[in-house]
Amino acid sequence: MDSGTSQTHDLGRPLRRNRRGNVSPSEATESSTKREIQVEIPAEEVTRTTDSLVQKYQKLARLPGFRKGHIPASIIRQRFGEEIKTEVVETLVPRHFRQEAQKQGLVPVSQPRVSDLHLHEGEPLRFKANFEVMPEIKVEGYKELHAEKPDIAVTEEEVEETVTGLREQHATFSAIEGRPLAEGDFAQASIDGTPKDAEGQPIHMDDILIEIGGKSTMPEFTENLRGAVVGDERRFDVTYPPDYSDQRLAGKSLTYTVKILSLKQKSLPELNDDFAKEMGPEFTSMDDIRKRIREGLEAEKKHQAERQSKEKLLNELVKRHDFTVPEALVEHQIDVRLERGLRALAAQGMRSEDMKKMDLTRLRAGQRDQAVDEVKANLLLDKIADAEQIQVGDEDIEKEINALAEQSKQTPDAIRARLTRDGALDRIRARIRNEKTLDTLYHQSAWRTISTSSRHKDVARTGRSVAGACERSSDDVGAYGH
């Protein structure tokens with residue numbers, strides 16, 4: 001086979017396993033994370049591989065005028081030269097790349113990009129491979145980080161606000177007769193909403209309660225339905241603000257047709273021992289209800305405060321360490337963040353057609369800075385875990401599998417089999433290790449007590465957070481370091 005090429009390729013599978021080989025290398029370092037190696041595969045091996053492939057084609061090829069298995073090698077080389085050359089490259093290049101990377105003590109974390117590939121009959125196969133490796137990271141000062149210990153006291157106002165919400169949940173509704181809708185009343189209605197532009201989705205509801213003057217009621221509904229009686233049909237436009245909670249309606253204008261089916265007024269239950277007993281057998285009085293509410297609010301505040309303190313610890317850890325991270329890890333983390341965001345939009349009802357119209361290039365650019373910080377946080381936590389000898393036991397993995405099984409309504413065995421098949425157990429182990437490391441940082445750090453309210457303001461001013469470094473949907477990031 002007499003051919004020569006000078007090409008650029010992305011090898012299509014991870015190159016991590018290493019074998020010994022006979023190559024002639026040289027290495028050039030472009031940055032702390034980029035490497036280039038030159039590889040030369042002996043001509044004898046190239047010839048052996050080529051001859052083996054020619055024999056394979058002789059057995060399998062079908063050509064007019066020749067019996068199967070009896071096609072001369074010269075005809076095979078002539079007719080299938082390009083295919084054979086491609087297979088030679090795909091057979092030899094990945095193997096010898098792994099061998100040379102191992103020989104030089106390099107652990108690739110990206111797919112190598114092959115260039116300057118030269119293949120001539122009777123000569124060595126030569127190529128260059130560019131790829132990324134982990135940077136050298138020296139973690140310092142992590143034991144000097146300060147975590148904030150917020151005041152998580154629950155006020156009487158917060159307890160009573162929750163009691164009011166509980167009371168609202170158990171309200172009853174009765175029919176209004178002899179008068180039209182007024183402030184505080186409820187219209188039981190059917191509604192049809194038609195978008196004023198062609199892109200929106202129509203809305204139809206057969207039976208919905210609309211509170212006149214309610215906090216969550218759009219003003220246009222209150223203004224147009226006040227004074228209505230049973231049987232009335234009102235038609236009006238509603239424009240939703242860009243930050244409206246339902247993404248399907250945010251920034252949209254719709255024309256609604258509302259038909260009044262009945263008028264309702266709300267009655268709230270009395271807050272007495274009878275009401276408490278209706279909440280469950282463990283309650284005998286409103287004092288029991290308030291105690292349980294207080295305990296729940298304290299637990300929620302403690303959880304939120306711990307999460308926010310860990311966010312600030314990670315932010316400070318990243319800020320103290322300036323190093324370059326491999327672009328492959330950053331791109332992967334951007335993918336993770338986008339996938340997480342798109343899943344959230346889908347859960348809110350956004351259609352796939354609308355998602356396809358989004359500017360992914362702009363979205364990726366907007367995610368980049370935070371993705372870099374999240375990758376840095378993972379790499380730093382991994383180094384600290386090594387220093388602190390933090391391990392993940394089989395019981396930790398089993399606990400995670402059981403939690404996933406319960407969440408997905410599957411058996412633990414089915415979850416374990418899927419994770420094993422997908423190669424996800426190592427990623428889960430890496431994430432759990434990082435979570436344990438962050439817990440260690442949080443509990444061993446010096447404490448500084450602040451009020452809960454000022455804490456929330458500090459977190460809001462922080463801007464970006466690297467908390468995503470330890471979230472389940474970011475599992476894969478940590479796995480690159482192992």
# chains A, B, ... in the order shown; residues from 1 in each chain; ligands from 1
>>> select_by_dssp(residues="segment 163-367 of chain A", states="strand (DSSP E)", output="mmCIF file with N, CA and C atoms, in the first residue's frame")
data_model
loop_
_atom_site.group_PDB
_atom_site.id
_atom_site.type_symbol
_atom_site.label_atom_id
_atom_site.label_comp_id
_atom_site.auth_asym_id
_atom_site.auth_seq_id
_atom_site.Cartn_x
_atom_site.Cartn_y
_atom_site.Cartn_z
ATOM 1 N N THR A 172 -62.806 25.835 53.515
ATOM 2 C CA THR A 172 -63.955 25.285 52.781
ATOM 3 C C THR A 172 -64.601 26.407 51.976
ATOM 4 N N PHE A 173 -65.337 26.028 50.922
ATOM 5 C CA PHE A 173 -65.961 27.011 50.040
ATOM 6 C C PHE A 173 -67.470 26.757 49.975
ATOM 7 N N SER A 174 -68.209 27.846 50.038
ATOM 8 C CA SER A 174 -69.676 27.752 49.938
ATOM 9 C C SER A 174 -70.168 28.708 48.855
ATOM 10 N N ALA A 175 -71.364 28.402 48.314
ATOM 11 C CA ALA A 175 -71.904 29.194 47.205
ATOM 12 C C ALA A 175 -72.354 30.573 47.651
ATOM 13 N N PHE A 186 -64.353 34.066 45.207
ATOM 14 C CA PHE A 186 -63.722 33.181 44.231
ATOM 15 C C PHE A 186 -64.699 32.891 43.102
ATOM 16 N N ALA A 187 -64.167 32.992 41.879
ATOM 17 C CA ALA A 187 -64.959 32.626 40.709
ATOM 18 C C ALA A 187 -64.582 31.215 40.289
ATOM 19 N N GLN A 188 -65.575 30.316 40.267
ATOM 20 C CA GLN A 188 -65.351 29.002 39.682
ATOM 21 C C GLN A 188 -65.661 29.133 38.201
ATOM 22 N N ALA A 189 -64.669 28.891 37.356
ATOM 23 C CA ALA A 189 -64.807 29.267 35.953
ATOM 24 C C ALA A 189 -64.106 28.278 35.032
ATOM 25 N N SER A 190 -64.470 28.356 33.756
ATOM 26 C CA SER A 190 -63.701 27.692 32.691
ATOM 27 C C SER A 190 -63.006 28.789 31.907
ATOM 28 N N ILE A 191 -61.786 28.533 31.499
ATOM 29 C CA ILE A 191 -61.031 29.565 30.794
ATOM 30 C C ILE A 191 -60.399 28.996 29.530
ATOM 31 N N ASP A 192 -60.315 29.848 28.521
ATOM 32 C CA ASP A 192 -59.587 29.550 27.290
ATOM 33 C C ASP A 192 -58.679 30.729 27.001
ATOM 34 N N GLY A 193 -57.365 30.424 26.843
ATOM 35 C CA GLY A 193 -56.404 31.476 26.553
ATOM 36 C C GLY A 193 -55.755 31.258 25.208
ATOM 37 N N THR A 194 -55.753 32.282 24.386
ATOM 38 C CA THR A 194 -55.159 32.204 23.054
ATOM 39 C C THR A 194 -53.974 33.162 22.969
ATOM 40 N N PRO A 195 -52.764 32.670 22.675
ATOM 41 C CA PRO A 195 -51.592 33.550 22.562
ATOM 42 C C PRO A 195 -51.796 34.582 21.462
ATOM 43 N N ILE A 203 -54.244 27.729 26.085
ATOM 44 C CA ILE A 203 -54.533 27.258 27.439
ATOM 45 C C ILE A 203 -56.024 26.986 27.549
ATOM 46 N N HIS A 204 -56.356 25.821 28.130
ATOM 47 C CA HIS A 204 -57.769 25.508 28.370
ATOM 48 C C HIS A 204 -57.895 24.827 29.733
ATOM 49 N N MET A 205 -58.814 25.332 30.557
ATOM 50 C CA MET A 205 -59.112 24.724 31.853
ATOM 51 C C MET A 205 -60.626 24.714 32.039
ATOM 52 N N ASP A 206 -61.151 23.526 32.324
ATOM 53 C CA ASP A 206 -62.605 23.394 32.478
ATOM 54 C C ASP A 206 -63.104 23.921 33.812
ATOM 55 N N ASP A 207 -62.266 23.820 34.845
ATOM 56 C CA ASP A 207 -62.749 24.161 36.195
ATOM 57 C C ASP A 207 -61.594 24.707 37.012
ATOM 58 N N ILE A 208 -61.622 25.990 37.302
ATOM 59 C CA ILE A 208 -60.545 26.619 38.056
ATOM 60 C C ILE A 208 -61.134 27.668 38.984
ATOM 61 N N LEU A 209 -60.522 27.826 40.168
ATOM 62 C CA LEU A 209 -60.944 28.857 41.122
ATOM 63 C C LEU A 209 -60.034 30.062 40.981
ATOM 64 N N ILE A 210 -60.640 31.226 40.782
ATOM 65 C CA ILE A 210 -59.887 32.472 40.622
ATOM 66 C C ILE A 210 -60.272 33.404 41.769
ATOM 67 N N GLU A 211 -59.281 33.783 42.591
ATOM 68 C CA GLU A 211 -59.555 34.673 43.717
ATOM 69 C C GLU A 211 -59.549 36.127 43.244
ATOM 70 N N GLU A 233 -69.797 35.827 30.610
ATOM 71 C CA GLU A 233 -68.600 35.457 29.853
ATOM 72 C C GLU A 233 -67.821 36.734 29.591
ATOM 73 N N ARG A 234 -66.575 36.757 30.070
ATOM 74 C CA ARG A 234 -65.741 37.956 29.940
ATOM 75 C C ARG A 234 -64.533 37.636 29.047
ATOM 76 N N ARG A 235 -64.190 38.607 28.201
ATOM 77 C CA ARG A 235 -63.056 38.437 27.284
ATOM 78 C C ARG A 235 -62.099 39.611 27.497
ATOM 79 N N PHE A 236 -60.819 39.294 27.706
ATOM 80 C CA PHE A 236 -59.844 40.353 27.990
ATOM 81 C C PHE A 236 -58.434 39.828 27.731
ATOM 82 N N ASP A 237 -57.482 40.768 27.650
ATOM 83 C CA ASP A 237 -56.066 40.432 27.402
ATOM 84 C C ASP A 237 -55.282 40.449 28.708
ATOM 85 N N VAL A 238 -54.285 39.581 28.791
ATOM 86 C CA VAL A 238 -53.380 39.532 29.943
ATOM 87 C C VAL A 238 -51.950 39.468 29.419
ATOM 88 N N THR A 239 -51.085 40.341 29.937
ATOM 89 C CA THR A 239 -49.665 40.333 29.592
ATOM 90 C C THR A 239 -48.869 39.936 30.822
ATOM 91 N N SER A 253 -48.324 37.448 25.919
ATOM 92 C CA SER A 253 -49.634 38.106 25.989
ATOM 93 C C SER A 253 -50.681 37.144 25.453
ATOM 94 N N LEU A 254 -51.777 36.969 26.214
ATOM 95 C CA LEU A 254 -52.843 36.054 25.818
ATOM 96 C C LEU A 254 -54.195 36.753 25.889
ATOM 97 N N THR A 255 -55.075 36.336 25.044
ATOM 98 C CA THR A 255 -56.471 36.776 25.113
ATOM 99 C C THR A 255 -57.282 35.659 25.764
ATOM 100 N N TYR A 256 -57.929 35.991 26.899
ATOM 101 C CA TYR A 256 -58.683 34.995 27.662
ATOM 102 C C TYR A 256 -60.190 35.176 27.464
ATOM 103 N N THR A 257 -60.874 34.043 27.379
ATOM 104 C CA THR A 257 -62.330 34.006 27.464
ATOM 105 C C THR A 257 -62.675 33.218 28.712
ATOM 106 N N VAL A 258 -63.339 33.881 29.675
ATOM 107 C CA VAL A 258 -63.633 33.272 30.978
ATOM 108 C C VAL A 258 -65.146 33.193 31.154
ATOM 109 N N LYS A 259 -65.639 31.975 31.411
ATOM 110 C CA LYS A 259 -67.066 31.779 31.662
ATOM 111 C C LYS A 259 -67.273 31.457 33.130
ATOM 112 N N ILE A 260 -68.128 32.243 33.811
ATOM 113 C CA ILE A 260 -68.367 32.070 35.229
ATOM 114 C C ILE A 260 -69.356 30.931 35.454
ATOM 115 N N LEU A 261 -68.917 29.897 36.193
ATOM 116 C CA LEU A 261 -69.756 28.735 36.466
ATOM 117 C C LEU A 261 -70.490 28.863 37.797
ATOM 118 N N SER A 262 -69.811 29.413 38.796
ATOM 119 C CA SER A 262 -70.430 29.643 40.110
ATOM 120 C C SER A 262 -69.586 30.627 40.891
ATOM 121 N N LEU A 263 -70.166 31.189 41.955
ATOM 122 C CA LEU A 263 -69.470 32.131 42.829
ATOM 123 C C LEU A 263 -69.258 31.461 44.181
ATOM 124 N N LYS A 264 -68.065 31.603 44.755
ATOM 125 C CA LYS A 264 -67.731 30.932 46.009
ATOM 126 C C LYS A 264 -67.142 31.931 47.014
ATOM 127 N N GLN A 265 -67.412 31.639 48.290
ATOM 128 C CA GLN A 265 -66.728 32.382 49.337
ATOM 129 C C GLN A 265 -66.027 31.393 50.259
ATOM 130 N N LYS A 266 -64.877 31.823 50.780
ATOM 131 C CA LYS A 266 -64.022 30.929 51.559
ATOM 132 C C LYS A 266 -64.297 31.070 53.041
ATOM 133 N N SER A 267 -64.328 29.946 53.750
ATOM 134 C CA SER A 267 -64.463 29.927 55.210
ATOM 135 C C SER A 267 -63.268 29.196 55.791
#
>>> closest_atom_pairs(of="segment 206-246 of chain A", to="segment 344-360 of chain A", cutoff="12 Å", atoms="only C-alpha atoms", output="CSV")
residue,atom,partner,partner_atom,distance
A:Tyr244,CA,A:Gln348,CA,11.8
A:Ser245,CA,A:Gln348,CA,9.1
A:Asp246,CA,A:Gln348,CA,6.7
>>> residues_around(residues="Leu53 of chain A", least_positions_apart="6", cutoff="8 Å", atoms="only C-alpha atoms", output="PyMOL selection string")
chain A and resi 84+87-88
>>> select_by_dssp(residues="segment 267-459 of chain A", states="alpha helix (DSSP H)", output="VMD selection string")
chain A and resid 273 to 278 286 to 320 327 to 347 352 to 356 360 to 388 394 to 408 412 to 422 425 to 444 452 to 459
>>> residues_around(residues="Leu125 of chain A", least_positions_apart="6", cutoff="10 Å", atoms="only C-alpha atoms", output="PyMOL selection string")
chain A and resi 4+23+39-43+45-47+88-89+92-93+117-119
>>> residues_around(residues="Ile397 of chain A", least_positions_apart="2", cutoff="12 Å", atoms="only C-alpha atoms", output="short mmCIF file (atom, residue, chain, number, x, y, z; two decimals) with C-alpha atoms, in the first residue's frame")
data_model
loop_
_atom_site.label_atom_id
_atom_site.label_comp_id
_atom_site.auth_asym_id
_atom_site.auth_seq_id
_atom_site.Cartn_x
_atom_site.Cartn_y
_atom_site.Cartn_z
CA GLN A 391 -12.50 7.24 51.68
CA VAL A 392 -15.86 6.04 50.36
CA GLY A 393 -16.95 2.64 51.65
CA ASP A 394 -19.27 0.08 50.12
CA GLU A 395 -21.92 1.11 52.64
CA LYS A 399 -26.93 3.97 50.68
CA GLU A 400 -26.82 5.98 47.45
CA ILE A 401 -28.16 3.06 45.41
CA ASN A 402 -31.05 2.58 47.86
CA ALA A 403 -31.87 6.28 47.70
CA LEU A 404 -31.88 6.22 43.90
CA PRO A 412 -31.74 -1.64 44.28
CA ILE A 415 -30.28 0.40 39.86
CA ARG A 416 -26.96 -1.31 40.63
CA LEU A 419 -25.04 1.95 37.09
CA THR A 420 -22.56 -0.87 36.52
CA ALA A 424 -21.43 5.29 36.65
CA LEU A 425 -20.37 3.74 39.96
CA ASP A 426 -16.93 5.39 39.86
CA ARG A 427 -18.55 8.77 39.17
CA ILE A 428 -20.90 8.30 42.12
CA ARG A 429 -17.99 7.26 44.33
CA ALA A 430 -16.07 10.40 43.30
CA ARG A 431 -19.05 12.65 44.07
CA ILE A 432 -19.66 11.09 47.48
CA ARG A 433 -15.97 11.52 48.27
#
>>> closest_residue(among="A:Ala171, A:Val229, A:Ala417, A:Val318", to="Leu379 of chain A", atoms="only C-alpha atoms")
A:Val318
>>> atom_distance(atom1="atom CA of Arg292 of chain A", atom2="atom CA of Val163 of chain A")
10.7 Å
>>> closest_residue(among="A:Pro72, A:Gly122, A:Gly341, A:Pro135", to="Thr324 of chain A", atoms="only C-alpha atoms")
A:Pro135
>>> closest_residue(among="A:Lys252, A:Arg62, A:Val336, A:Arg364", to="Ala198 of chain A", atoms="only C-alpha atoms")
A:Lys252
>>> atom_distance(atom1="atom CA of Ser115 of chain A", atom2="atom CA of Ala129 of chain A")
6.3 Å
>>> decode(residues="segment 221-235 of chain A", atoms="C-alpha atoms", output="compact mmCIF listing (two decimals), in the first residue's frame")
# COMPACT_ATOMS: atom_id res chain seq x y z
CA PHE A 221 -58.38 38.88 36.01
CA THR A 222 -59.46 40.83 39.09
CA GLU A 223 -60.36 43.95 37.11
CA ASN A 224 -62.39 42.10 34.49
CA LEU A 225 -64.15 39.55 36.73
CA ARG A 226 -65.13 41.82 39.62
CA GLY A 227 -68.92 42.32 39.51
CA ALA A 228 -69.58 39.22 37.37
CA VAL A 229 -72.47 36.82 38.04
CA VAL A 230 -73.08 33.17 37.14
CA GLY A 231 -73.32 32.70 33.38
CA ASP A 232 -71.32 35.80 32.48
CA GLU A 233 -68.60 35.46 29.85
CA ARG A 234 -65.74 37.96 29.94
CA ARG A 235 -63.06 38.44 27.28
